[in-house]
file final-v1.tsv (TSV, N, CA and C atoms)
chain	number	residue	atom	x	y	z
A	1	MET	N	2.46	-9.88	-3.66
A	1	MET	CA	1.52	-9.53	-4.71
A	1	MET	C	1.25	-8.03	-4.63
A	2	ASN	N	1.26	-7.38	-5.75
A	2	ASN	CA	1.02	-5.94	-5.79
A	2	ASN	C	-0.45	-5.65	-6.02
A	3	PRO	N	-1.01	-4.74	-5.21
A	3	PRO	CA	-2.42	-4.38	-5.37
A	3	PRO	C	-2.58	-3.30	-6.43
A	4	CYS	N	-3.81	-3.00	-6.75
A	4	CYS	CA	-4.10	-1.86	-7.60
A	4	CYS	C	-3.67	-0.60	-6.84
A	5	ARG	N	-2.95	0.28	-7.51
A	5	ARG	CA	-2.43	1.49	-6.84
A	5	ARG	C	-3.55	2.27	-6.15
A	6	ARG	N	-4.67	2.34	-6.79
A	6	ARG	CA	-5.79	3.13	-6.26
A	6	ARG	C	-6.25	2.64	-4.88
A	7	TYR	N	-6.07	1.36	-4.62
A	7	TYR	CA	-6.62	0.77	-3.39
A	7	TYR	C	-5.55	0.42	-2.35
A	8	GLU	N	-4.29	0.64	-2.65
A	8	GLU	CA	-3.22	0.20	-1.74
A	8	GLU	C	-3.37	0.78	-0.33
A	9	GLU	N	-3.52	2.07	-0.22
A	9	GLU	CA	-3.65	2.69	1.10
A	9	GLU	C	-4.90	2.20	1.83
A	10	SER	N	-6.00	2.08	1.10
A	10	SER	CA	-7.24	1.60	1.71
A	10	SER	C	-7.09	0.17	2.23
A	11	LEU	N	-6.35	-0.66	1.49
A	11	LEU	CA	-6.13	-2.04	1.94
A	11	LEU	C	-5.35	-2.08	3.25
A	12	ILE	N	-4.36	-1.22	3.37
A	12	ILE	CA	-3.59	-1.17	4.61
A	12	ILE	C	-4.48	-0.73	5.76
A	13	LEU	N	-5.24	0.33	5.55
A	13	LEU	CA	-6.16	0.80	6.59
A	13	LEU	C	-7.19	-0.26	6.94
A	14	TYR	N	-7.70	-0.94	5.93
A	14	TYR	CA	-8.70	-2.00	6.13
A	14	TYR	C	-8.11	-3.13	6.97
A	15	SER	N	-6.87	-3.48	6.71
A	15	SER	CA	-6.25	-4.59	7.46
A	15	SER	C	-6.08	-4.24	8.94
A	16	TYR	N	-5.97	-2.95	9.25
A	16	TYR	CA	-5.88	-2.50	10.65
A	16	TYR	C	-7.22	-2.06	11.20
A	17	GLN	N	-8.27	-2.25	10.43
A	17	GLN	CA	-9.63	-1.85	10.81
A	17	GLN	C	-9.69	-0.36	11.14
A	18	GLU	N	-9.01	0.43	10.32
A	18	GLU	CA	-8.94	1.87	10.51
A	18	GLU	C	-9.53	2.62	9.32
A	19	ILE	N	-10.51	2.03	8.68
A	19	ILE	CA	-11.10	2.62	7.48
A	19	ILE	C	-12.57	2.93	7.76
A	20	GLY	N	-13.04	4.01	7.17
A	20	GLY	CA	-14.43	4.39	7.35
A	20	GLY	C	-15.38	3.41	6.68
A	21	ARG	N	-16.61	3.41	7.13
A	21	ARG	CA	-17.62	2.47	6.63
A	21	ARG	C	-17.83	2.58	5.12
A	22	LYS	N	-17.95	3.80	4.63
A	22	LYS	CA	-18.21	4.01	3.20
A	22	LYS	C	-17.05	3.48	2.34
A	23	LYS	N	-15.82	3.78	2.76
A	23	LYS	CA	-14.66	3.29	2.01
A	23	LYS	C	-14.55	1.76	2.13
A	24	ALA	N	-14.91	1.23	3.29
A	24	ALA	CA	-14.85	-0.23	3.48
A	24	ALA	C	-15.81	-0.94	2.53
A	25	VAL	N	-16.99	-0.40	2.36
A	25	VAL	CA	-17.98	-0.99	1.46
A	25	VAL	C	-17.46	-0.96	0.02
A	26	THR	N	-16.91	0.18	-0.38
A	26	THR	CA	-16.35	0.30	-1.73
A	26	THR	C	-15.20	-0.70	-1.92
A	27	LEU	N	-14.35	-0.80	-0.92
A	27	LEU	CA	-13.21	-1.72	-1.00
A	27	LEU	C	-13.66	-3.17	-1.05
A	28	GLN	N	-14.65	-3.52	-0.25
A	28	GLN	CA	-15.16	-4.90	-0.25
A	28	GLN	C	-15.71	-5.27	-1.63
A	29	LYS	N	-16.39	-4.33	-2.25
A	29	LYS	CA	-16.90	-4.57	-3.60
A	29	LYS	C	-15.74	-4.81	-4.57
A	30	HIS	N	-14.71	-4.00	-4.46
A	30	HIS	CA	-13.54	-4.18	-5.32
A	30	HIS	C	-12.87	-5.52	-5.04
A	31	LEU	N	-12.73	-5.87	-3.78
A	31	LEU	CA	-12.08	-7.13	-3.41
A	31	LEU	C	-12.82	-8.34	-3.99
A	32	SER	N	-14.13	-8.22	-4.13
A	32	SER	CA	-14.90	-9.33	-4.67
A	32	SER	C	-14.57	-9.59	-6.14
A	33	GLN	N	-13.93	-8.60	-6.78
A	33	GLN	CA	-13.63	-8.71	-8.20
A	33	GLN	C	-12.13	-8.71	-8.53
A	34	CYS	N	-11.28	-8.47	-7.54
A	34	CYS	CA	-9.85	-8.28	-7.83
A	34	CYS	C	-8.98	-9.25	-7.03
A	35	GLY	N	-8.45	-10.23	-7.71
A	35	GLY	CA	-7.58	-11.21	-7.07
A	35	GLY	C	-6.27	-10.63	-6.57
A	36	ARG	N	-5.73	-9.65	-7.29
A	36	ARG	CA	-4.48	-9.01	-6.85
A	36	ARG	C	-4.65	-8.34	-5.50
A	37	CYS	N	-5.71	-7.62	-5.34
A	37	CYS	CA	-5.93	-6.92	-4.06
A	37	CYS	C	-6.28	-7.90	-2.94
A	38	ARG	N	-7.02	-8.96	-3.26
A	38	ARG	CA	-7.29	-10.00	-2.25
A	38	ARG	C	-5.99	-10.64	-1.80
A	39	GLY	N	-5.10	-10.92	-2.74
A	39	GLY	CA	-3.82	-11.51	-2.40
A	39	GLY	C	-2.98	-10.58	-1.54
A	40	TYR	N	-2.99	-9.30	-1.87
A	40	TYR	CA	-2.24	-8.31	-1.09
A	40	TYR	C	-2.79	-8.24	0.33
A	41	LEU	N	-4.10	-8.25	0.47
A	41	LEU	CA	-4.72	-8.21	1.80
A	41	LEU	C	-4.34	-9.45	2.60
A	42	ARG	N	-4.34	-10.62	1.97
A	42	ARG	CA	-3.91	-11.85	2.64
A	42	ARG	C	-2.47	-11.72	3.13
A	43	ASP	N	-1.60	-11.16	2.27
A	43	ASP	CA	-0.21	-10.97	2.65
A	43	ASP	C	-0.09	-10.04	3.85
A	44	LEU	N	-0.83	-8.93	3.84
A	44	LEU	CA	-0.81	-8.00	4.96
A	44	LEU	C	-1.25	-8.68	6.25
A	45	GLU	N	-2.30	-9.47	6.15
A	45	GLU	CA	-2.82	-10.15	7.34
A	45	GLU	C	-1.83	-11.18	7.86
A	46	GLN	N	-1.14	-11.87	6.96
A	46	GLN	CA	-0.15	-12.85	7.37
A	46	GLN	C	1.01	-12.17	8.11
A	47	VAL	N	1.49	-11.08	7.57
A	47	VAL	CA	2.59	-10.35	8.21
A	47	VAL	C	2.14	-9.81	9.57
A	48	SER	N	0.93	-9.29	9.65
A	48	SER	CA	0.41	-8.76	10.92
A	48	SER	C	0.35	-9.85	11.98
A	49	ARG	N	-0.11	-11.05	11.59
A	49	ARG	CA	-0.17	-12.16	12.55
A	49	ARG	C	1.22	-12.53	13.06
A	50	ILE	N	2.18	-12.55	12.18
A	50	ILE	CA	3.54	-12.89	12.59
A	50	ILE	C	4.10	-11.84	13.54
A	51	ILE	N	3.88	-10.58	13.23
A	51	ILE	CA	4.39	-9.52	14.10
A	51	ILE	C	3.72	-9.58	15.46
A	52	GLU	N	2.40	-9.80	15.50
A	52	GLU	CA	1.69	-9.91	16.77
A	52	GLU	C	2.21	-11.08	17.59
A	53	ARG	N	2.47	-12.19	16.93
A	53	ARG	CA	2.94	-13.39	17.62
A	53	ARG	C	4.30	-13.15	18.26
A	54	HIS	N	5.11	-12.30	17.65
A	54	HIS	CA	6.46	-12.08	18.14
A	54	HIS	C	6.62	-10.75	18.87
A	55	HIS	N	5.53	-10.10	19.14
A	55	HIS	CA	5.59	-8.80	19.79
A	55	HIS	C	6.35	-8.87	21.12
A	56	GLU	N	6.07	-9.88	21.92
A	56	GLU	CA	6.72	-10.01	23.22
A	56	GLU	C	7.99	-10.84	23.17
A	57	SER	N	8.13	-11.70	22.18
A	57	SER	CA	9.35	-12.52	22.06
A	57	SER	C	9.82	-12.55	20.61
A	58	PRO	N	10.56	-11.51	20.20
A	58	PRO	CA	10.93	-11.38	18.79
A	58	PRO	C	12.07	-12.29	18.33
A	59	SER	N	12.54	-13.20	19.16
A	59	SER	CA	13.71	-13.99	18.80
A	59	SER	C	13.52	-14.83	17.54
A	60	ASP	N	12.31	-15.31	17.28
A	60	ASP	CA	12.06	-16.13	16.10
A	60	ASP	C	11.51	-15.33	14.92
A	61	LEU	N	11.41	-14.03	15.07
A	61	LEU	CA	10.83	-13.21	14.01
A	61	LEU	C	11.60	-13.35	12.70
A	62	PHE	N	12.92	-13.34	12.77
A	62	PHE	CA	13.71	-13.44	11.54
A	62	PHE	C	13.52	-14.79	10.86
A	63	LEU	N	13.33	-15.83	11.63
A	63	LEU	CA	13.06	-17.14	11.03
A	63	LEU	C	11.74	-17.13	10.28
A	64	ASP	N	10.74	-16.49	10.86
A	64	ASP	CA	9.45	-16.39	10.18
A	64	ASP	C	9.55	-15.53	8.94
A	65	ILE	N	10.33	-14.47	8.99
A	65	ILE	CA	10.51	-13.61	7.82
A	65	ILE	C	11.16	-14.42	6.70
A	66	GLU	N	12.15	-15.22	7.02
A	66	GLU	CA	12.78	-16.07	6.01
A	66	GLU	C	11.76	-17.04	5.41
A	67	GLN	N	10.88	-17.59	6.25
A	67	GLN	CA	9.86	-18.51	5.76
A	67	GLN	C	8.91	-17.80	4.80
A	68	ILE	N	8.53	-16.58	5.11
A	68	ILE	CA	7.66	-15.80	4.23
A	68	ILE	C	8.35	-15.57	2.89
A	69	GLN	N	9.62	-15.21	2.95
A	69	GLN	CA	10.35	-14.96	1.71
A	69	GLN	C	10.41	-16.22	0.85
A	70	ARG	N	10.62	-17.36	1.47
A	70	ARG	CA	10.67	-18.61	0.71
A	70	ARG	C	9.31	-18.97	0.13
A	71	SER	N	8.24	-18.52	0.77
A	71	SER	CA	6.91	-18.84	0.29
A	71	SER	C	6.52	-18.05	-0.95
A	72	GLY	N	7.31	-17.05	-1.28
A	72	GLY	CA	7.06	-16.30	-2.51
A	72	GLY	C	6.38	-14.97	-2.34
A	73	ILE	N	6.12	-14.53	-1.12
A	73	ILE	CA	5.52	-13.22	-0.92
A	73	ILE	C	6.59	-12.19	-1.25
A	74	LYS	N	6.26	-11.30	-2.15
A	74	LYS	CA	7.21	-10.28	-2.60
A	74	LYS	C	6.85	-8.95	-1.98
A	75	PRO	N	7.86	-8.21	-1.48
A	75	PRO	CA	7.57	-6.88	-0.96
A	75	PRO	C	7.16	-5.95	-2.09
A	76	ASN	N	6.37	-4.96	-1.77
A	76	ASN	CA	5.93	-3.99	-2.76
A	76	ASN	C	7.10	-3.08	-3.10
A	77	SER	N	7.48	-3.03	-4.36
A	77	SER	CA	8.64	-2.26	-4.77
A	77	SER	C	8.28	-0.91	-5.39
A	78	ASN	N	7.07	-0.40	-5.12
A	78	ASN	CA	6.62	0.88	-5.69
A	78	ASN	C	7.27	2.02	-4.97
call {"tool": "encode", "arguments": {"input": "final-v1.tsv", "output": "structure tokens"}}
result
Amino acid sequence: MNPCRRYEESLILYSYQEIGRKKAVTLQKHLSQCGRCRGYLRDLEQVSRIIERHHESPSDLFLDIEQIQRSGIKPNSN
């Protein structure tokens, strides 16, 4: 799912908890009204969980990537 261009970078920073308080509040307000950005954040969080799970044993990482692709998550093509 593609987010609003204006919020894409903030969503990435937010997912890593690397965003300032003021920007986080603004983003949270936007997220309450924007399904596209909520979906993008969910996708980011799902990918992060998979990477963390395979950090020490990456052998099944490609299988999980295939599963994500089959689920319909599309990479951002911007």
call {"tool": "residues_around", "arguments": {"input": "final-v1.tsv", "residues": "Pro3 (chain A)", "least_positions_apart": "4", "cutoff": "7 Å", "atoms": "only C-alpha atoms", "output": "PDB file with N, CA and C atoms, in the frame of the given file"}}
result
ATOM      1  N   TYR A   7      -6.070   1.360  -4.620  1.00  0.00           N
ATOM      2  CA  TYR A   7      -6.620   0.770  -3.390  1.00  0.00           C
ATOM      3  C   TYR A   7      -5.550   0.420  -2.350  1.00  0.00           C
ATOM      4  N   GLU A   8      -4.290   0.640  -2.650  1.00  0.00           N
ATOM      5  CA  GLU A   8      -3.220   0.200  -1.740  1.00  0.00           C
ATOM      6  C   GLU A   8      -3.370   0.780  -0.330  1.00  0.00           C
ATOM      7  N   ARG A  36      -5.730  -9.650  -7.290  1.00  0.00           N
ATOM      8  CA  ARG A  36      -4.480  -9.010  -6.850  1.00  0.00           C
ATOM      9  C   ARG A  36      -4.650  -8.340  -5.500  1.00  0.00           C
ATOM     10  N   CYS A  37      -5.710  -7.620  -5.340  1.00  0.00           N
ATOM     11  CA  CYS A  37      -5.930  -6.920  -4.060  1.00  0.00           C
ATOM     12  C   CYS A  37      -6.280  -7.900  -2.940  1.00  0.00           C
ATOM     13  N   TYR A  40      -2.990  -9.300  -1.870  1.00  0.00           N
ATOM     14  CA  TYR A  40      -2.240  -8.310  -1.090  1.00  0.00           C
ATOM     15  C   TYR A  40      -2.790  -8.240   0.330  1.00  0.00           C
TER      16      TYR A  40
END
call {"tool": "residues_around", "arguments": {"input": "final-v1.tsv", "residues": "Cys34 (chain A)", "least_positions_apart": "4", "cutoff": "12 Å", "atoms": "only C-alpha atoms", "output": "NGL selection string"}}
result
:A and (1-4 or 7 or 27-30 or 38-41)
call {"tool": "atom_distance", "arguments": {"input": "final-v1.tsv", "atom1": "CA of Ser48 (chain A)", "atom2": "CA of Arg70 (chain A)"}}
result
17.5 Å
call {"tool": "atom_distance", "arguments": {"input": "final-v1.tsv", "atom1": "CA of Ala24 (chain A)", "atom2": "CA of Ile51 (chain A)"}}
result
23.9 Å
call {"tool": "atom_distance", "arguments": {"input": "final-v1.tsv", "atom1": "CA of Arg49 (chain A)", "atom2": "CA of Tyr14 (chain A)"}}
result
14.7 Å
call {"tool": "closest_residue", "arguments": {"input": "final-v1.tsv", "among": "A:Ile68, A:Leu11, A:Gln17, A:Lys23", "to": "Gln46 (chain A)", "atoms": "only C-alpha atoms"}}
result
A:Ile68
call {"tool": "select_by_dssp", "arguments": {"input": "final-v1.tsv", "residues": "region 2-66 of chain A", "states": "helix (DSSP H, G or I)", "output": "MDAnalysis selection string"}}
result
chainID A and resid 5:15 21:31 35:53 58:66
